[in-house]
Every structure is written in structure tokens, then in C-alpha cells.
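Content type JSON, N, CA and C atoms, from the file model04.json:
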[["chain", "number", "residue", "atom", "x", "y", "z"],
["A", 1, "LEU", "N", 111.88, 133.05, 78.08],
["A", 1, "LEU", "CA", 110.72, 132.29, 77.65],
["A", 1, "LEU", "C", 109.66, 132.30, 78.75],
["A", 2, "THR", "N", 108.42, 132.33, 78.36],
["A", 2, "THR", "CA", 107.34, 132.15, 79.33],
["A", 2, "THR", "C", 107.38, 130.71, 79.82],
["A", 3, "ASP", "N", 106.62, 130.41, 80.87],
["A", 3, "ASP", "CA", 106.56, 129.02, 81.35],
["A", 3, "ASP", "C", 106.09, 128.09, 80.24],
["A", 4, "ASN", "N", 105.04, 128.46, 79.51],
["A", 4, "ASN", "CA", 104.52, 127.60, 78.45],
["A", 4, "ASN", "C", 105.53, 127.41, 77.33],
["A", 5, "GLU", "N", 106.24, 128.46, 76.96],
["A", 5, "GLU", "CA", 107.29, 128.33, 75.94],
["A", 5, "GLU", "C", 108.41, 127.42, 76.43],
["A", 6, "ALA", "N", 108.78, 127.58, 77.70],
["A", 6, "ALA", "CA", 109.83, 126.73, 78.28],
["A", 6, "ALA", "C", 109.39, 125.28, 78.31],
["A", 7, "TYR", "N", 108.13, 125.02, 78.68],
["A", 7, "TYR", "CA", 107.63, 123.64, 78.69],
["A", 7, "TYR", "C", 107.68, 123.02, 77.30],
["A", 8, "SER", "N", 107.33, 123.79, 76.28],
["A", 8, "SER", "CA", 107.39, 123.27, 74.90],
["A", 8, "SER", "C", 108.83, 122.89, 74.53],
["A", 9, "LEU", "N", 109.77, 123.76, 74.85],
["A", 9, "LEU", "CA", 111.17, 123.49, 74.55],
["A", 9, "LEU", "C", 111.67, 122.28, 75.33],
["A", 10, "LEU", "N", 111.34, 122.21, 76.60],
["A", 10, "LEU", "CA", 111.80, 121.10, 77.44],
["A", 10, "LEU", "C", 111.20, 119.77, 77.01],
["A", 11, "ARG", "N", 109.94, 119.79, 76.63],
["A", 11, "ARG", "CA", 109.29, 118.57, 76.12],
["A", 11, "ARG", "C", 110.00, 118.08, 74.87],
["A", 12, "LEU", "N", 110.29, 119.00, 73.95],
["A", 12, "LEU", "CA", 111.00, 118.65, 72.72],
["A", 12, "LEU", "C", 112.39, 118.10, 73.04],
["A", 13, "ALA", "N", 113.12, 118.77, 73.92],
["A", 13, "ALA", "CA", 114.47, 118.33, 74.29],
["A", 13, "ALA", "C", 114.43, 116.94, 74.92],
["A", 14, "ALA", "N", 113.49, 116.71, 75.83],
["A", 14, "ALA", "CA", 113.39, 115.42, 76.51],
["A", 14, "ALA", "C", 113.06, 114.31, 75.51],
["A", 15, "SER", "N", 112.19, 114.59, 74.56],
["A", 15, "SER", "CA", 111.81, 113.56, 73.59],
["A", 15, "SER", "C", 112.91, 113.30, 72.57],
["A", 16, "ALA", "N", 113.78, 114.27, 72.33],
["A", 16, "ALA", "CA", 114.85, 114.12, 71.34],
["A", 16, "ALA", "C", 116.14, 113.56, 71.94],
["A", 17, "LEU", "N", 116.24, 113.54, 73.26],
["A", 17, "LEU", "CA", 117.47, 113.11, 73.92],
["A", 17, "LEU", "C", 117.70, 111.62, 73.74],
["A", 18, "LYS", "N", 118.90, 111.26, 73.30],
["A", 18, "LYS", "CA", 119.27, 109.85, 73.14],
["A", 18, "LYS", "C", 119.55, 109.26, 74.52],
["A", 19, "PRO", "N", 119.41, 107.94, 74.66],
["A", 19, "PRO", "CA", 119.73, 107.31, 75.95],
["A", 19, "PRO", "C", 121.15, 107.68, 76.40],
["A", 20, "GLY", "N", 121.27, 108.08, 77.65],
["A", 20, "GLY", "CA", 122.55, 108.50, 78.20],
["A", 20, "GLY", "C", 122.92, 109.93, 77.87],
["A", 21, "GLY", "N", 122.06, 110.63, 77.11],
["A", 21, "GLY", "CA", 122.35, 112.01, 76.71],
["A", 21, "GLY", "C", 122.10, 113.00, 77.84],
["A", 22, "HIS", "N", 122.56, 114.23, 77.61],
["A", 22, "HIS", "CA", 122.42, 115.33, 78.58],
["A", 22, "HIS", "C", 121.84, 116.55, 77.86],
["A", 23, "PHE", "N", 120.93, 117.21, 78.52],
["A", 23, "PHE", "CA", 120.42, 118.50, 78.06],
["A", 23, "PHE", "C", 121.00, 119.54, 79.02],
["A", 24, "VAL", "N", 121.74, 120.50, 78.48],
["A", 24, "VAL", "CA", 122.45, 121.48, 79.31],
["A", 24, "VAL", "C", 121.89, 122.87, 79.05],
["A", 25, "THR", "N", 121.61, 123.60, 80.13],
["A", 25, "THR", "CA", 121.11, 124.96, 80.01],
["A", 25, "THR", "C", 122.08, 125.93, 80.67],
["A", 26, "LEU", "N", 122.04, 127.16, 80.22],
["A", 26, "LEU", "CA", 122.81, 128.26, 80.81],
["A", 26, "LEU", "C", 121.90, 129.48, 80.82],
["A", 27, "ASP", "N", 121.60, 129.99, 82.00],
["A", 27, "ASP", "CA", 120.67, 131.11, 82.13],
["A", 27, "ASP", "C", 121.16, 132.10, 83.17],
["A", 28, "GLY", "N", 120.78, 133.36, 83.00],
["A", 28, "GLY", "CA", 120.92, 134.33, 84.07],
["A", 28, "GLY", "C", 119.96, 133.92, 85.18],
["A", 29, "VAL", "N", 120.34, 134.14, 86.42],
["A", 29, "VAL", "CA", 119.54, 133.65, 87.55],
["A", 29, "VAL", "C", 119.53, 134.68, 88.67],
["A", 30, "LEU", "N", 118.48, 134.63, 89.46],
["A", 30, "LEU", "CA", 118.36, 135.47, 90.65],
["A", 30, "LEU", "C", 118.63, 134.61, 91.88],
["A", 31, "VAL", "N", 119.59, 135.02, 92.70],
["A", 31, "VAL", "CA", 119.91, 134.29, 93.93],
["A", 31, "VAL", "C", 120.13, 135.29, 95.06],
["A", 32, "LYS", "N", 119.93, 134.84, 96.28],
["A", 32, "LYS", "CA", 120.06, 135.72, 97.44],
["A", 32, "LYS", "C", 121.45, 136.32, 97.58],
["A", 33, "GLU", "N", 122.48, 135.52, 97.27],
["A", 33, "GLU", "CA", 123.85, 135.97, 97.54],
["A", 33, "GLU", "C", 124.44, 136.87, 96.46],
["A", 34, "GLN", "N", 123.68, 137.18, 95.40],
["A", 34, "GLN", "CA", 124.26, 138.03, 94.36],
["A", 34, "GLN", "C", 124.23, 139.50, 94.78],
["A", 35, "SER", "N", 125.18, 140.22, 94.26],
["A", 35, "SER", "CA", 125.27, 141.64, 94.60],
["A", 35, "SER", "C", 124.13, 142.41, 93.92],
["A", 36, "ALA", "N", 123.88, 143.60, 94.41],
["A", 36, "ALA", "CA", 122.84, 144.44, 93.81],
["A", 36, "ALA", "C", 123.17, 144.75, 92.35],
["A", 37, "LEU", "N", 124.44, 144.94, 92.05],
["A", 37, "LEU", "CA", 124.83, 145.22, 90.67],
["A", 37, "LEU", "C", 124.61, 144.00, 89.77],
["A", 38, "GLU", "N", 124.96, 142.80, 90.26],
["A", 38, "GLU", "CA", 124.70, 141.58, 89.48],
["A", 38, "GLU", "C", 123.21, 141.43, 89.20],
["A", 39, "ARG", "N", 122.40, 141.62, 90.21],
["A", 39, "ARG", "CA", 120.94, 141.49, 90.05],
["A", 39, "ARG", "C", 120.43, 142.51, 89.03],
["A", 40, "TYR", "N", 120.90, 143.74, 89.12],
["A", 40, "TYR", "CA", 120.48, 144.79, 88.19],
["A", 40, "TYR", "C", 120.82, 144.40, 86.75],
["A", 41, "ILE", "N", 122.04, 143.94, 86.52],
["A", 41, "ILE", "CA", 122.47, 143.60, 85.16],
["A", 41, "ILE", "C", 121.70, 142.39, 84.63],
["A", 42, "VAL", "N", 121.55, 141.35, 85.46],
["A", 42, "VAL", "CA", 120.82, 140.15, 85.03],
["A", 42, "VAL", "C", 119.39, 140.50, 84.65],
["A", 43, "LEU", "N", 118.73, 141.32, 85.44],
["A", 43, "LEU", "CA", 117.33, 141.66, 85.17],
["A", 43, "LEU", "C", 117.17, 142.51, 83.91],
["A", 44, "ARG", "N", 118.18, 143.27, 83.53],
["A", 44, "ARG", "CA", 118.08, 144.11, 82.34],
["A", 44, "ARG", "C", 118.66, 143.46, 81.10],
["A", 45, "ASP", "N", 119.38, 142.38, 81.27],
["A", 45, "ASP", "CA", 120.05, 141.73, 80.15],
["A", 45, "ASP", "C", 119.20, 140.69, 79.46],
["A", 46, "ARG", "N", 118.46, 139.90, 80.17],
["A", 46, "ARG", "CA", 117.84, 138.71, 79.60],
["A", 46, "ARG", "C", 116.32, 138.75, 79.50],
["A", 47, "GLY", "N", 115.73, 139.88, 79.55],
["A", 47, "GLY", "CA", 114.29, 139.92, 79.33],
["A", 47, "GLY", "C", 113.46, 139.81, 80.59],
["A", 48, "ARG", "N", 112.20, 139.45, 80.39],
["A", 48, "ARG", "CA", 111.23, 139.51, 81.47],
["A", 48, "ARG", "C", 111.11, 138.22, 82.28],
["A", 49, "PHE", "N", 111.79, 137.17, 81.90],
["A", 49, "PHE", "CA", 111.53, 135.87, 82.52],
["A", 49, "PHE", "C", 112.73, 135.27, 83.24],
["A", 50, "VAL", "N", 113.58, 136.11, 83.79],
["A", 50, "VAL", "CA", 114.67, 135.63, 84.64],
["A", 50, "VAL", "C", 114.04, 135.12, 85.93],
["A", 51, "ARG", "N", 114.50, 133.97, 86.39],
["A", 51, "ARG", "CA", 113.87, 133.32, 87.54],
["A", 51, "ARG", "C", 114.90, 133.00, 88.62],
["A", 52, "PRO", "N", 114.41, 132.74, 89.84],
["A", 52, "PRO", "CA", 115.28, 132.17, 90.87],
["A", 52, "PRO", "C", 115.62, 130.72, 90.52],
["A", 53, "LYS", "N", 116.67, 130.21, 91.08],
["A", 53, "LYS", "CA", 117.14, 128.85, 90.81],
["A", 53, "LYS", "C", 116.02, 127.81, 90.99],
["A", 54, "ALA", "N", 115.29, 127.89, 92.07],
["A", 54, "ALA", "CA", 114.23, 126.91, 92.35],
["A", 54, "ALA", "C", 113.16, 126.89, 91.27],
["A", 55, "GLU", "N", 112.86, 128.04, 90.70],
["A", 55, "GLU", "CA", 111.84, 128.09, 89.64],
["A", 55, "GLU", "C", 112.34, 127.44, 88.35],
["A", 56, "TYR", "N", 113.63, 127.64, 88.02],
["A", 56, "TYR", "CA", 114.19, 126.94, 86.86],
["A", 56, "TYR", "C", 114.13, 125.43, 87.08],
["A", 57, "GLU", "N", 114.51, 124.99, 88.27],
["A", 57, "GLU", "CA", 114.51, 123.56, 88.57],
["A", 57, "GLU", "C", 113.10, 122.98, 88.51],
["A", 58, "LYS", "N", 112.13, 123.73, 88.97],
["A", 58, "LYS", "CA", 110.74, 123.26, 88.92],
["A", 58, "LYS", "C", 110.28, 123.09, 87.48],
["A", 59, "LEU", "N", 110.60, 124.04, 86.62],
["A", 59, "LEU", "CA", 110.25, 123.93, 85.20],
["A", 59, "LEU", "C", 110.84, 122.66, 84.59],
["A", 60, "VAL", "N", 112.12, 122.46, 84.81],
["A", 60, "VAL", "CA", 112.84, 121.35, 84.18],
["A", 60, "VAL", "C", 112.40, 120.00, 84.75],
["A", 61, "SER", "N", 112.05, 119.96, 86.02],
["A", 61, "SER", "CA", 111.69, 118.69, 86.66],
["A", 61, "SER", "C", 110.42, 118.07, 86.07],
["A", 62, "ARG", "N", 109.65, 118.83, 85.35],
["A", 62, "ARG", "CA", 108.46, 118.28, 84.70],
["A", 62, "ARG", "C", 108.84, 117.26, 83.63],
["A", 63, "TYR", "N", 110.01, 117.46, 83.01],
["A", 63, "TYR", "CA", 110.40, 116.61, 81.88],
["A", 63, "TYR", "C", 111.70, 115.83, 82.10],
["A", 64, "PHE", "N", 112.41, 116.10, 83.17],
["A", 64, "PHE", "CA", 113.66, 115.40, 83.44],
["A", 64, "PHE", "C", 113.69, 114.91, 84.89],
["A", 65, "GLY", "N", 114.14, 113.68, 85.07],
["A", 65, "GLY", "CA", 114.17, 113.08, 86.40],
["A", 65, "GLY", "C", 115.38, 113.46, 87.22],
["A", 66, "LYS", "N", 116.47, 113.86, 86.56],
["A", 66, "LYS", "CA", 117.68, 114.23, 87.29],
["A", 66, "LYS", "C", 118.17, 115.57, 86.79],
["A", 67, "ILE", "N", 118.42, 116.47, 87.73],
["A", 67, "ILE", "CA", 118.89, 117.83, 87.41],
["A", 67, "ILE", "C", 120.07, 118.15, 88.33],
["A", 68, "ASP", "N", 121.20, 118.41, 87.74],
["A", 68, "ASP", "CA", 122.36, 118.89, 88.50],
["A", 68, "ASP", "C", 122.53, 120.36, 88.15],
["A", 69, "SER", "N", 122.30, 121.22, 89.14],
["A", 69, "SER", "CA", 122.37, 122.66, 88.87],
["A", 69, "SER", "C", 123.45, 123.31, 89.73],
["A", 70, "GLU", "N", 124.02, 124.37, 89.16],
["A", 70, "GLU", "CA", 125.08, 125.08, 89.86],
["A", 70, "GLU", "C", 125.04, 126.57, 89.50],
["A", 71, "VAL", "N", 125.15, 127.41, 90.52],
["A", 71, "VAL", "CA", 125.19, 128.86, 90.33],
["A", 71, "VAL", "C", 126.65, 129.28, 90.17],
["A", 72, "HIS", "N", 126.90, 130.17, 89.20],
["A", 72, "HIS", "CA", 128.25, 130.66, 88.91],
["A", 72, "HIS", "C", 128.27, 132.18, 89.00],
["A", 73, "HIS", "N", 129.24, 132.72, 89.70],
["A", 73, "HIS", "CA", 129.48, 134.16, 89.76],
["A", 73, "HIS", "C", 130.82, 134.44, 89.10],
["A", 74, "GLY", "N", 130.96, 135.61, 88.50],
["A", 74, "GLY", "CA", 132.25, 136.05, 88.02],
["A", 74, "GLY", "C", 132.77, 135.36, 86.77],
["A", 75, "GLN", "N", 131.90, 134.84, 85.94],
["A", 75, "GLN", "CA", 132.33, 134.18, 84.71],
["A", 75, "GLN", "C", 132.55, 135.15, 83.56],
["A", 76, "LEU", "N", 132.06, 136.35, 83.71],
["A", 76, "LEU", "CA", 132.20, 137.39, 82.68],
["A", 76, "LEU", "C", 133.03, 138.55, 83.23],
["A", 77, "ARG", "N", 133.38, 139.46, 82.37],
["A", 77, "ARG", "CA", 134.10, 140.66, 82.82],
["A", 77, "ARG", "C", 133.19, 141.63, 83.55],
["A", 78, "ILE", "N", 131.90, 141.47, 83.40],
["A", 78, "ILE", "CA", 130.94, 142.28, 84.15],
["A", 78, "ILE", "C", 130.35, 141.43, 85.26],
["A", 79, "PRO", "N", 129.83, 142.03, 86.32],
["A", 79, "PRO", "CA", 129.19, 141.26, 87.39],
["A", 79, "PRO", "C", 127.93, 140.57, 86.87],
["A", 80, "TYR", "N", 127.89, 139.25, 86.95],
["A", 80, "TYR", "CA", 126.76, 138.50, 86.39],
["A", 80, "TYR", "C", 126.65, 137.19, 87.13],
["A", 81, "THR", "N", 125.43, 136.67, 87.23],
["A", 81, "THR", "CA", 125.19, 135.39, 87.89],
["A", 81, "THR", "C", 124.53, 134.45, 86.90],
["A", 82, "HIS", "N", 125.13, 133.28, 86.70],
["A", 82, "HIS", "CA", 124.61, 132.27, 85.78],
["A", 82, "HIS", "C", 124.16, 131.03, 86.55],
["A", 83, "LEU", "N", 123.24, 130.30, 85.94],
["A", 83, "LEU", "CA", 122.84, 128.98, 86.43],
["A", 83, "LEU", "C", 123.06, 128.00, 85.30],
["A", 84, "THR", "N", 123.81, 126.94, 85.57],
["A", 84, "THR", "CA", 123.89, 125.83, 84.63],
["A", 84, "THR", "C", 123.10, 124.67, 85.19],
["A", 85, "MET", "N", 122.38, 123.99, 84.32],
["A", 85, "MET", "CA", 121.67, 122.78, 84.69],
["A", 85, "MET", "C", 122.01, 121.70, 83.68],
["A", 86, "VAL", "N", 122.41, 120.55, 84.20],
["A", 86, "VAL", "CA", 122.63, 119.37, 83.38],
["A", 86, "VAL", "C", 121.48, 118.42, 83.69],
["A", 87, "CYS", "N", 120.66, 118.19, 82.67],
["A", 87, "CYS", "CA", 119.40, 117.45, 82.85],
["A", 87, "CYS", "C", 119.50, 116.10, 82.16],
["A", 88, "THR", "N", 119.14, 115.04, 82.88],
["A", 88, "THR", "CA", 119.15, 113.69, 82.34],
["A", 88, "THR", "C", 117.90, 112.96, 82.79],
["A", 89, "ASP", "N", 117.77, 111.72, 82.36],
["A", 89, "ASP", "CA", 116.63, 110.87, 82.72],
["A", 89, "ASP", "C", 115.31, 111.51, 82.28],
["A", 90, "PRO", "N", 115.12, 111.67, 80.94],
["A", 90, "PRO", "CA", 113.89, 112.27, 80.44],
["A", 90, "PRO", "C", 112.64, 111.47, 80.85],
["A", 91, "LYS", "N", 111.56, 112.18, 81.10],
["A", 91, "LYS", "CA", 110.31, 111.56, 81.56],
["A", 91, "LYS", "C", 109.33, 111.31, 80.42],
["A", 92, "VAL", "N", 109.69, 111.58, 79.19],
["A", 92, "VAL", "CA", 108.77, 111.37, 78.05],
["A", 92, "VAL", "C", 109.18, 110.17, 77.24]]
Using C-alpha cells, write down the structure that the file contains.
Amino acid sequence: LTDNEAYSLLRLAASALKPGGHFVTLDGVLVKEQSALERYIVLRDRGRFVRPKAEYEKLVSRYFGKIDSEVHHGQLRIPYTHLTMVCTDPKV
């Protein structure tokens, strides 16, 4: 998603979240410690808008006050790097 598309989705998610609810994301991510092969696969698998962890967190922080994020390696049979974010405390 572009930044504007992501903002639209995040705004909708934040406004729809029930008190005490969680919005959870799973995305391919770019990080310094990933192997060249992981980076290659992530960049070719998920389109043009794969971001570093900090950029995902910046997008989400516009609509959520608390973000718990974690990078995962080796969750698939192929080399891949994922980012999970658990977002709470909506700002809308």
C-alpha cells in the first residue's frame, strides 16, 4: 500500500477497534540484519512498498498510541523477514 492507502486503512481500523481491542499486522520488512537472499525475496514478493521497521511504526503511530513490534526470521521454508505489530490505544 502507498502511504495514503495505509493511512486510510489504519484510520478505519482505529475507528472500528473496540475498547481493549488489538489491530495486528504482518508484513515483509527490510532490516539491517537480514541476509542478502532474504532482502531479495522480500523485495520481489510483496510489491513496491516494503519498508524498514521504523517506517511501518511511523505510519501506524499516526492512529495508534501503543505499538509492539517484532521482527521474525525463519518463519517460512524460504528465507524471509516478517514484522508483526500489535497496535492498541487508537487515537481516533
Tell me, as a PDB file with N, CA and C atoms, in the coordinates of the input, which residues lie within 8 Å of Phe49 of chain A, counting only N, CA and C atoms; anything in the same chain fewer than 5 positions away does not count.
ATOM      1  N   LEU A   1     111.880 133.050  78.080  1.00  0.00           N
ATOM      2  CA  LEU A   1     110.720 132.290  77.650  1.00  0.00           C
ATOM      3  C   LEU A   1     109.660 132.300  78.750  1.00  0.00           C
ATOM      4  N   THR A   2     108.420 132.330  78.360  1.00  0.00           N
ATOM      5  CA  THR A   2     107.340 132.150  79.330  1.00  0.00           C
ATOM      6  C   THR A   2     107.380 130.710  79.820  1.00  0.00           C
ATOM      7  N   ASP A   3     106.620 130.410  80.870  1.00  0.00           N
ATOM      8  CA  ASP A   3     106.560 129.020  81.350  1.00  0.00           C
ATOM      9  C   ASP A   3     106.090 128.090  80.240  1.00  0.00           C
ATOM     10  N   GLY A  28     120.780 133.360  83.000  1.00  0.00           N
ATOM     11  CA  GLY A  28     120.920 134.330  84.070  1.00  0.00           C
ATOM     12  C   GLY A  28     119.960 133.920  85.180  1.00  0.00           C
ATOM     13  N   LEU A  43     118.730 141.320  85.440  1.00  0.00           N
ATOM     14  CA  LEU A  43     117.330 141.660  85.170  1.00  0.00           C
ATOM     15  C   LEU A  43     117.170 142.510  83.910  1.00  0.00           C
TER      16      LEU A  43
END
Between atom C of Ala14 of chain A and atom CA of Pro90 of chain A, distance in Å (one decimal):
5.4 Å
Atom C of Ala6 of chain A to atom N of Phe23 of chain A, distance in Å rounded to a single decimal:
14.1 Å
Atom CA of Val29 of chain A to atom CA of His82 of chain A, straight-line distance in Å:
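Calculated distance between atom CA of His82 of chain A and atom CA of Val29 of chain A is 5.5 Å.
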Counting only C-alpha atoms, figure out which residue out of A:Val71, A:Cys87, A:Leu17, A:Leu9 gets nearest to Gln34 of chain A.
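Of A:Val71, A:Cys87, A:Leu17, A:Leu9, the one nearest Gln34 of chain A is A:Val71, counting only C-alpha atoms.
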Step by step: locate segment 43-64 of chain A in the block above, keep N, CA and C atoms, then write the file as an mmCIF file, in the first residue's frame.
data_model
loop_
_atom_site.group_PDB
_atom_site.id
_atom_site.type_symbol
_atom_site.label_atom_id
_atom_site.label_comp_id
_atom_site.auth_asym_id
_atom_site.auth_seq_id
_atom_site.Cartn_x
_atom_site.Cartn_y
_atom_site.Cartn_z
ATOM 1 N N LEU A 43 11.787 -8.113 -1.256
ATOM 2 C CA LEU A 43 11.568 -7.019 -2.206
ATOM 3 C C LEU A 43 10.830 -7.468 -3.465
ATOM 4 N N ARG A 44 10.942 -8.730 -3.837
ATOM 5 C CA ARG A 44 10.274 -9.217 -5.041
ATOM 6 C C ARG A 44 8.930 -9.862 -4.746
ATOM 7 N N ASP A 45 8.650 -10.132 -3.497
ATOM 8 C CA ASP A 45 7.429 -10.842 -3.128
ATOM 9 C C ASP A 45 6.257 -9.910 -2.873
ATOM 10 N N ARG A 46 6.454 -8.807 -2.240
ATOM 11 C CA ARG A 46 5.344 -8.013 -1.722
ATOM 12 C C ARG A 46 5.136 -6.663 -2.402
ATOM 13 N N GLY A 47 5.637 -6.471 -3.548
ATOM 14 C CA GLY A 47 5.327 -5.230 -4.244
ATOM 15 C C GLY A 47 6.310 -4.106 -3.999
ATOM 16 N N ARG A 48 5.849 -2.900 -4.284
ATOM 17 C CA ARG A 48 6.736 -1.743 -4.298
ATOM 18 C C ARG A 48 6.852 -1.021 -2.961
ATOM 19 N N PHE A 49 6.094 -1.408 -1.960
ATOM 20 C CA PHE A 49 6.014 -0.597 -0.751
ATOM 21 C C PHE A 49 6.491 -1.311 0.508
ATOM 22 N N VAL A 50 7.445 -2.209 0.366
ATOM 23 C CA VAL A 50 8.071 -2.828 1.534
ATOM 24 C C VAL A 50 8.921 -1.752 2.203
ATOM 25 N N ARG A 51 8.843 -1.687 3.527
ATOM 26 C CA ARG A 51 9.503 -0.599 4.254
ATOM 27 C C ARG A 51 10.407 -1.153 5.352
ATOM 28 N N PRO A 52 11.315 -0.308 5.846
ATOM 29 C CA PRO A 52 12.044 -0.654 7.067
ATOM 30 C C PRO A 52 11.100 -0.598 8.274
ATOM 31 N N LYS A 53 11.460 -1.246 9.340
ATOM 32 C CA LYS A 53 10.644 -1.308 10.549
ATOM 33 C C LYS A 53 10.218 0.083 11.033
ATOM 34 N N ALA A 54 11.140 1.010 11.093
ATOM 35 C CA ALA A 54 10.837 2.356 11.595
ATOM 36 C C ALA A 54 9.773 3.057 10.758
ATOM 37 N N GLU A 55 9.764 2.819 9.463
ATOM 38 C CA GLU A 55 8.755 3.452 8.605
ATOM 39 C C GLU A 55 7.367 2.863 8.840
ATOM 40 N N TYR A 56 7.289 1.541 9.060
ATOM 41 C CA TYR A 56 5.996 0.940 9.410
ATOM 42 C C TYR A 56 5.490 1.534 10.724
ATOM 43 N N GLU A 57 6.375 1.635 11.707
ATOM 44 C CA GLU A 57 5.979 2.167 13.011
ATOM 45 C C GLU A 57 5.529 3.621 12.909
ATOM 46 N N LYS A 58 6.191 4.394 12.075
ATOM 47 C CA LYS A 58 5.798 5.793 11.889
ATOM 48 C C LYS A 58 4.400 5.888 11.291
ATOM 49 N N LEU A 59 4.110 5.065 10.290
ATOM 50 C CA LEU A 59 2.771 5.052 9.690
ATOM 51 C C LEU A 59 1.709 4.752 10.744
ATOM 52 N N VAL A 60 1.929 3.704 11.508
ATOM 53 C CA VAL A 60 0.936 3.235 12.472
ATOM 54 C C VAL A 60 0.775 4.210 13.634
ATOM 55 N N SER A 61 1.838 4.881 14.022
ATOM 56 C CA SER A 61 1.786 5.778 15.180
ATOM 57 C C SER A 61 0.865 6.974 14.959
ATOM 58 N N ARG A 62 0.504 7.249 13.742
ATOM 59 C CA ARG A 62 -0.436 8.339 13.469
ATOM 60 C C ARG A 62 -1.817 8.032 14.045
ATOM 61 N N TYR A 63 -2.163 6.741 14.109
ATOM 62 C CA TYR A 63 -3.512 6.350 14.531
ATOM 63 C C TYR A 63 -3.557 5.477 15.785
ATOM 64 N N PHE A 64 -2.409 5.023 16.262
ATOM 65 C CA PHE A 64 -2.378 4.173 17.454
ATOM 66 C C PHE A 64 -1.319 4.682 18.433
#
